[in-house]
$ cat structure_34.txt   # compact mmCIF, C-alpha atoms
# COMPACT_ATOMS: atom_id res chain seq x y z
CA MET A 1 -18.46 -4.18 -40.60
CA GLU A 2 -21.41 -6.05 -39.16
CA LEU A 3 -21.19 -9.62 -37.93
CA LYS A 4 -21.83 -12.32 -40.52
CA LEU A 5 -22.78 -15.81 -39.38
CA ASP A 6 -23.28 -19.04 -41.30
CA HIS A 7 -23.11 -22.69 -40.38
CA TYR A 8 -23.01 -26.09 -42.07
CA ASN A 9 -22.28 -29.69 -41.21
CA LYS A 10 -19.17 -31.50 -42.39
CA ASP A 11 -18.26 -35.03 -41.31
CA GLY A 12 -20.65 -34.79 -38.37
CA ILE A 13 -19.07 -31.60 -37.07
CA GLU A 14 -20.95 -28.30 -37.19
CA ILE A 15 -18.83 -25.58 -38.75
CA VAL A 16 -19.69 -22.00 -37.80
CA ASP A 17 -18.34 -19.41 -40.22
CA VAL A 18 -17.95 -16.02 -38.58
CA GLY A 19 -17.07 -12.80 -40.39
CA GLY A 20 -16.85 -9.13 -39.50
CA GLU A 21 -16.65 -7.69 -36.01
CA ILE A 22 -17.40 -9.56 -32.78
CA ASP A 23 -17.84 -6.96 -30.06
CA VAL A 24 -20.17 -5.92 -27.26
CA TYR A 25 -22.84 -5.03 -29.84
CA THR A 26 -22.70 -8.09 -32.09
CA ALA A 27 -21.53 -10.87 -29.74
CA PRO A 28 -25.08 -11.64 -28.50
CA ARG A 29 -25.93 -12.91 -32.01
CA LEU A 30 -23.03 -15.36 -31.93
CA ARG A 31 -24.03 -16.42 -28.41
CA GLU A 32 -27.59 -17.10 -29.60
CA LEU A 33 -26.36 -19.19 -32.54
CA LEU A 34 -24.05 -21.31 -30.37
CA ILE A 35 -26.86 -21.90 -27.84
CA GLU A 36 -29.23 -22.81 -30.67
CA LEU A 37 -26.77 -25.34 -32.14
CA VAL A 38 -26.17 -26.98 -28.76
CA THR A 39 -29.92 -27.08 -28.12
CA GLN A 40 -30.30 -28.87 -31.47
CA GLY A 41 -27.81 -31.50 -30.31
CA HIS A 42 -24.65 -30.29 -32.06
CA TYR A 43 -21.93 -30.86 -29.47
CA ARG A 44 -18.92 -30.84 -31.81
CA LEU A 45 -18.36 -27.35 -33.11
CA VAL A 46 -15.62 -25.65 -35.12
CA VAL A 47 -15.78 -21.85 -35.21
CA ASN A 48 -14.03 -20.58 -38.33
CA MET A 49 -12.68 -17.11 -37.53
CA GLU A 50 -10.66 -16.53 -40.67
CA LYS A 51 -12.95 -13.69 -41.78
CA VAL A 52 -13.20 -12.05 -38.36
CA GLU A 53 -11.88 -8.49 -38.53
CA PHE A 54 -12.25 -7.58 -34.87
CA LEU A 55 -12.67 -9.58 -31.66
CA ASP A 56 -12.96 -8.19 -28.15
CA SER A 57 -13.36 -9.70 -24.69
CA THR A 58 -17.13 -9.92 -25.07
CA GLY A 59 -16.52 -12.23 -28.03
CA LEU A 60 -14.03 -14.23 -25.99
CA GLY A 61 -16.67 -14.60 -23.28
CA VAL A 62 -19.17 -15.93 -25.83
CA LEU A 63 -16.67 -18.49 -27.17
CA VAL A 64 -15.79 -19.62 -23.65
CA GLY A 65 -19.51 -19.87 -22.86
CA GLY A 66 -19.99 -22.03 -25.96
CA LEU A 67 -17.08 -24.26 -24.94
CA LYS A 68 -18.60 -24.68 -21.50
CA ARG A 69 -21.93 -25.72 -23.02
CA VAL A 70 -20.51 -28.35 -25.38
CA ARG A 71 -18.19 -29.73 -22.71
CA ALA A 72 -21.26 -30.35 -20.54
CA HIS A 73 -22.19 -32.89 -23.25
CA ASP A 74 -18.63 -34.24 -23.66
CA GLY A 75 -18.38 -32.19 -26.83
CA SER A 76 -15.76 -29.84 -28.24
CA LEU A 77 -15.45 -26.32 -29.60
CA ASP A 78 -12.35 -25.67 -31.68
CA LEU A 79 -11.28 -22.53 -33.50
CA VAL A 80 -9.80 -21.88 -36.92
CA CYS A 81 -7.67 -18.77 -36.91
CA THR A 82 -4.37 -17.73 -38.47
CA GLN A 83 -4.67 -13.95 -38.08
CA GLU A 84 -2.00 -12.69 -35.73
CA ARG A 85 -4.06 -9.75 -34.43
CA ILE A 86 -6.85 -12.12 -33.38
CA LEU A 87 -4.50 -14.78 -32.00
CA LYS A 88 -2.82 -12.13 -29.88
CA ILE A 89 -6.02 -11.63 -27.85
CA PHE A 90 -6.18 -15.35 -27.12
CA ARG A 91 -2.55 -15.31 -26.01
CA ILE A 92 -2.97 -12.26 -23.75
CA THR A 93 -5.88 -13.88 -21.95
CA GLY A 94 -4.28 -17.33 -21.76
CA LEU A 95 -7.06 -18.86 -23.84
CA THR A 96 -4.67 -20.52 -26.30
CA LYS A 97 -4.41 -23.22 -23.63
CA VAL A 98 -8.19 -23.61 -23.44
CA PHE A 99 -9.16 -23.82 -27.13
CA GLY A 100 -7.83 -26.02 -29.87
CA ILE A 101 -6.75 -23.50 -32.51
CA TYR A 102 -6.13 -24.78 -36.05
CA GLU A 103 -5.00 -23.32 -39.35
CA THR A 104 -7.84 -24.74 -41.45
CA VAL A 105 -11.30 -26.21 -40.96
CA ASP A 106 -10.07 -29.51 -42.41
CA LYS A 107 -7.23 -29.75 -39.87
CA ALA A 108 -9.67 -29.10 -37.02
CA ILE A 109 -12.00 -31.81 -38.32
CA GLU A 110 -9.12 -34.27 -38.81
CA GLU A 111 -8.00 -33.76 -35.23
CA ARG A 112 -11.46 -34.42 -33.83
CA LYS A 113 -12.06 -37.43 -36.08
CA SER A 114 -8.79 -39.00 -34.96
CA GLU A 115 -10.06 -38.88 -31.37
CA ARG A 116 -13.13 -40.97 -32.14
CA MET B 1 -0.98 18.76 -28.88
CA THR B 2 -4.17 16.99 -29.92
CA THR B 3 -7.25 17.14 -27.78
CA VAL B 4 -10.48 15.47 -28.81
CA GLN B 5 -13.36 14.71 -26.49
CA VAL B 6 -16.28 12.43 -27.22
CA SER B 7 -19.29 11.52 -25.16
CA PHE B 8 -21.90 8.97 -26.14
CA THR B 9 -25.09 7.38 -24.86
CA PRO B 10 -24.17 4.10 -23.13
CA LEU B 11 -25.29 1.77 -25.89
CA PRO B 12 -23.16 -1.11 -27.26
CA ALA B 13 -23.67 0.13 -30.82
CA HIS B 14 -21.72 3.30 -30.05
CA VAL B 15 -18.61 1.45 -28.87
CA ARG B 16 -17.69 0.79 -32.49
CA THR B 17 -17.95 4.52 -33.21
CA ALA B 18 -15.61 5.24 -30.31
CA ARG B 19 -13.11 2.71 -31.71
CA LEU B 20 -13.19 4.34 -35.14
CA ILE B 21 -12.64 7.79 -33.65
CA ALA B 22 -9.80 6.51 -31.47
CA VAL B 23 -7.93 5.11 -34.46
CA ALA B 24 -8.47 8.26 -36.51
CA VAL B 25 -7.21 10.54 -33.73
CA ALA B 26 -4.30 8.23 -32.88
CA ARG B 27 -3.19 8.13 -36.52
CA ARG B 28 -3.47 11.92 -36.84
CA SER B 29 -1.54 12.37 -33.60
CA GLY B 30 1.37 10.29 -34.84
CA VAL B 31 0.92 6.87 -33.25
CA ASP B 32 2.78 4.29 -35.32
CA GLU B 33 0.59 2.29 -37.71
CA SER B 34 1.73 -0.94 -36.08
CA LEU B 35 0.11 0.16 -32.79
CA LEU B 36 -3.28 1.23 -34.16
CA ASP B 37 -4.86 -2.23 -33.79
CA GLU B 38 -3.87 -2.20 -30.13
CA VAL B 39 -5.33 1.29 -29.63
CA ARG B 40 -8.57 0.21 -31.30
CA LEU B 41 -8.95 -2.90 -29.18
CA ALA B 42 -7.98 -1.27 -25.88
CA VAL B 43 -10.41 1.62 -26.37
CA GLY B 44 -13.15 -0.81 -27.31
CA GLU B 45 -12.53 -2.80 -24.13
CA ALA B 46 -12.54 0.27 -21.91
CA CYS B 47 -15.70 1.65 -23.55
CA SER B 48 -17.45 -1.73 -23.27
CA ARG B 49 -16.73 -1.78 -19.54
CA ALA B 50 -18.02 1.78 -19.20
CA VAL B 51 -21.19 1.03 -21.18
CA GLU B 52 -21.82 -1.99 -18.99
CA ALA B 53 -21.46 0.12 -15.83
CA HIS B 54 -23.77 2.85 -17.13
CA ARG B 55 -26.47 0.53 -18.40
CA GLU B 56 -26.79 -1.00 -14.96
CA GLN B 57 -26.57 2.14 -12.88
CA TYR B 58 -26.71 5.34 -14.95
CA PRO B 59 -28.42 4.67 -18.30
CA GLY B 60 -29.03 8.39 -18.87
CA GLU B 61 -25.42 9.45 -18.31
CA PRO B 62 -23.03 9.54 -21.27
CA VAL B 63 -19.69 7.72 -21.36
CA ARG B 64 -16.86 10.20 -21.85
CA VAL B 65 -13.69 9.58 -23.84
CA ALA B 66 -10.82 12.05 -24.11
CA PHE B 67 -7.84 11.82 -26.45
CA ASP B 68 -4.74 13.86 -25.78
CA SER B 69 -1.09 13.85 -26.76
CA HIS B 70 1.70 15.32 -24.69
CA ASP B 71 5.27 14.56 -23.67
CA GLY B 72 5.71 12.22 -26.61
CA ARG B 73 2.75 10.04 -25.71
CA PHE B 74 -0.80 9.58 -26.97
CA GLU B 75 -3.20 9.26 -24.06
CA ILE B 76 -6.80 8.07 -23.93
CA GLU B 77 -9.04 8.41 -20.91
CA VAL B 78 -12.37 6.60 -20.69
CA ALA B 79 -14.55 7.79 -17.83
CA ASN B 80 -17.79 6.39 -16.53
CA ALA B 81 -20.05 7.16 -13.62
CA GLY B 82 -20.21 4.49 -10.94
CA LEU B 83 -18.11 1.41 -10.47
CA VAL B 84 -17.66 -1.42 -12.93
CA ALA B 85 -18.95 -4.75 -11.61
CA PRO B 86 -16.38 -7.06 -9.98
CA SER B 87 -14.48 -9.06 -12.55
CA GLY B 88 -15.40 -12.50 -11.21
CA SER B 89 -12.87 -15.26 -11.61
CA GLY B 90 -11.15 -13.65 -14.60
CA PRO B 91 -8.83 -15.33 -17.03
CA ALA B 92 -6.12 -16.06 -14.50
CA SER B 93 -8.15 -18.73 -12.72
CA ASP B 94 -10.43 -21.01 -14.72
CA PRO B 95 -11.78 -19.29 -17.82
CA VAL B 96 -14.10 -22.14 -18.68
CA ALA B 97 -15.68 -22.22 -15.24
CA GLY B 98 -15.94 -18.44 -15.29
CA ALA B 99 -17.54 -18.19 -18.69
CA ALA B 100 -19.37 -15.00 -17.82
CA ALA B 101 -16.16 -13.30 -16.69
CA ALA B 102 -15.92 -10.92 -19.63
CA PRO B 103 -14.95 -7.97 -17.38
CA GLY B 104 -11.93 -10.00 -16.21
CA PHE B 105 -10.92 -10.65 -19.81
CA SER B 106 -11.47 -6.99 -20.56
CA LEU B 107 -8.92 -5.80 -18.01
CA ALA B 108 -6.49 -8.51 -19.06
CA VAL B 109 -6.75 -7.40 -22.68
CA ILE B 110 -6.31 -3.71 -21.84
CA ALA B 111 -3.31 -4.44 -19.64
CA GLY B 112 -1.80 -6.64 -22.34
CA LEU B 113 -2.21 -4.04 -25.07
CA ALA B 114 -1.60 -0.58 -23.70
CA ASP B 115 1.90 0.54 -22.94
CA ASP B 116 0.77 2.22 -19.75
CA VAL B 117 -2.56 1.69 -17.98
CA ARG B 118 -3.98 3.40 -14.90
CA ILE B 119 -7.36 2.69 -13.39
CA SER B 120 -8.73 5.03 -10.75
CA GLU B 121 -11.98 4.32 -8.98
CA SER B 122 -13.89 6.69 -6.72
CA PRO B 123 -17.52 7.10 -5.68
CA ALA B 124 -17.85 9.53 -8.59
CA GLY B 125 -16.82 6.96 -11.15
CA THR B 126 -14.07 5.00 -12.84
CA ARG B 127 -11.36 6.33 -15.13
CA VAL B 128 -9.25 4.10 -17.33
CA THR B 129 -6.23 5.95 -18.71
CA MET B 130 -4.03 4.33 -21.35
CA SER B 131 -1.15 5.66 -23.37
CA TRP B 132 1.14 4.75 -26.23
CA PRO B 133 4.32 6.36 -27.54
CA LEU B 134 4.21 8.76 -30.47
CA SER B 135 6.60 8.24 -33.33
CA GLY B 136 9.62 10.53 -33.34
CA SER B 137 8.92 13.25 -35.88
CA LEU B 138 5.28 13.82 -35.01
CA ALA B 139 5.99 13.65 -31.30
CA ALA B 140 8.37 16.54 -31.81
CA GLY B 141 5.57 18.62 -33.33
CA SER B 142 6.20 18.25 -37.07
CA PRO B 143 3.13 18.43 -39.31
CA ALA B 144 1.60 15.09 -40.34
$ encode --input "structure_34.txt" --output "structure tokens"
Amino acid sequence: MELKLDHYNKDGIEIVDVGGEIDVYTAPRLRELLIELVTQGHYRLVVNMEKVEFLDSTGLGVLVGGLKRVRAHDGSLDLVCTQERILKIFRITGLTKVFGIYETVDKAIEERKSER
Amino acid sequence: MTTVQVSFTPLPAHVRTARLIAVAVARRSGVDESLLDEVRLAVGEACSRAVEAHREQYPGEPVRVAFDSHDGRFEIEVANAGLVAPSGSGPASDPVAGAAAAPGFSLAVIAGLADDVRISESPAGTRVTMSWPLSGSLAAGSPA
């Protein structure tokens, strides 16, 4: 399944809905979107991965790159993911300690709003 | 015994095809359903590394993938010409600082998924060999 990308703003946080497969072929599109959002001044991002069917290390690299970009502006990039097969990749690579990973978009937003 | 060999032009689009074939052959060979996601991801990682190596150094050479089952194990070998670029800082150090360290993540993912991983590098190229156990009845040679 091809990568599907969408984004919208909720409570001042840009939500990026991702669906399908994030791999060496499709990850550049996600990278371009994250760069575009940061360029537009969106420094608080939540990437919703609930509809992601496949994620590889190229996708991880793109997410880490996005995190690096928003942190340069004191921003944040959190993830929404409850799928065990996706979470496993974050655990293997130790990235569960790097990203905030939440069960729902609303919980991710709540957490960020409480920090303000 | 199952032997399937695939070679493909080193383009990212073909990595997905290699993943699909890997799962199909693994299932037919008798790898437990619960391990198929791991096979799919590990093959994708190894093929991505190989494609990266070929695109930089040998764009005209195909990436070769071989699937085999013997001695109760399902084995996949991904071979590429040339060496894969150094993995940079990798996930063990600072993943945020090393944002472009996808090759480091790649090895970490493969090592975390496959039951048994061997990587051999020589001037001729790199071979990543991974294997998983076959389930009992099929490993013994019963029809699927």
$ residues_around --input "structure_34.txt" --residues "region 99-104 of chain A" --least-positions-apart "6" --cutoff "10 Å" --atoms "all atoms listed in the file" --output "list in words"
Val46, Val47, Asn48, Met49, Glu50, Leu63, Val64, Leu67, Ser76, Leu77, Asp78, Leu79, Val80, Cys81, Thr82, Gln83, Leu87, Phe90, Glu110, Glu111 and Arg112 of chain A; Val96 of chain B
$ closest_residue --input "structure_34.txt" --among "B:Ala46, B:Ala79, B:Ala26, B:Leu41" --to "Glu61 (chain B)" --atoms "all atoms listed in the file"
B:Ala79
$ residues_near_point --input "structure_34.txt" --point "(-16.5, 1.6, -19.2)" --cutoff "8 Å" --atoms "all atoms listed in the file" --output "number ranges by chain"
B: 45-54, 63, 78-80, 84, 126, 128
$ atom_distance --input "structure_34.txt" --atom1 "CA of Ile86 (chain A)" --atom2 "CA of Arg44 (chain A)"
22.3 Å
$ closest_residue --input "structure_34.txt" --among "B:Ser131, B:Ser122, B:Ser106, B:Thr17" --to "Leu60 (chain A)" --atoms "all atoms listed in the file"
B:Ser106
$ residues_near_point --input "structure_34.txt" --point "(4.9, 11.9, -27.6)" --cutoff "6 Å" --atoms "all atoms listed in the file" --output "list in words"
His70, Asp71, Gly72, Arg73, Pro133, Leu134 and Ala139 of chain B
$ closest_atom_pairs --input "structure_34.txt" --of "chain A" --to "chain B" --cutoff "7 Å" --atoms "all atoms listed in the file" --output "Markdown table"
| residue | atom | partner | partner_atom | distance |
| --- | --- | --- | --- | --- |
| A:Val24 | CA | B:Pro12 | CA | 5.7 |
| A:Tyr25 | CA | B:Pro12 | CA | 4.7 |
| A:Asp56 | CA | B:Leu41 | CA | 6.7 |
| A:Ser57 | CA | B:Ser106 | CA | 5.3 |
| A:Thr58 | CA | B:Ala102 | CA | 5.7 |
| A:Gly61 | CA | B:Ala102 | CA | 5.2 |
| A:Val64 | CA | B:Ala99 | CA | 5.5 |
| A:Gly65 | CA | B:Ala99 | CA | 4.9 |
| A:Lys68 | CA | B:Val96 | CA | 5.9 |
| A:Ile89 | CA | B:Val109 | CA | 6.7 |
| A:Ile92 | CA | B:Gly112 | CA | 5.9 |
| A:Thr93 | CA | B:Pro91 | CA | 5.9 |
| A:Gly94 | CA | B:Pro91 | CA | 6.9 |
$ closest_residue --input "structure_34.txt" --among "A:Asp17, A:Glu53, A:Asp74, A:Asp11" --to "Gly41 (chain A)" --atoms "only C-alpha atoms"
A:Asp74
$ atom_distance --input "structure_34.txt" --atom1 "CA of Gly82 (chain B)" --atom2 "CA of Ala124 (chain B)"
6.0 Å
$ atom_distance --input "structure_34.txt" --atom1 "CA of Ala72 (chain A)" --atom2 "CA of Tyr8 (chain A)"
22.0 Å
$ residues_around --input "structure_34.txt" --residues "Lys113 (chain A)" --least-positions-apart "5" --cutoff "10 Å" --atoms "only C-alpha atoms" --output "CSV table (one decimal) with C-alpha atoms, keeping the file's coordinate frame"
chain,number,residue,atom,x,y,z
A,11,ASP,CA,-18.3,-35.0,-41.3
A,12,GLY,CA,-20.6,-34.8,-38.4
A,13,ILE,CA,-19.1,-31.6,-37.1
A,107,LYS,CA,-7.2,-29.8,-39.9
A,108,ALA,CA,-9.7,-29.1,-37.0
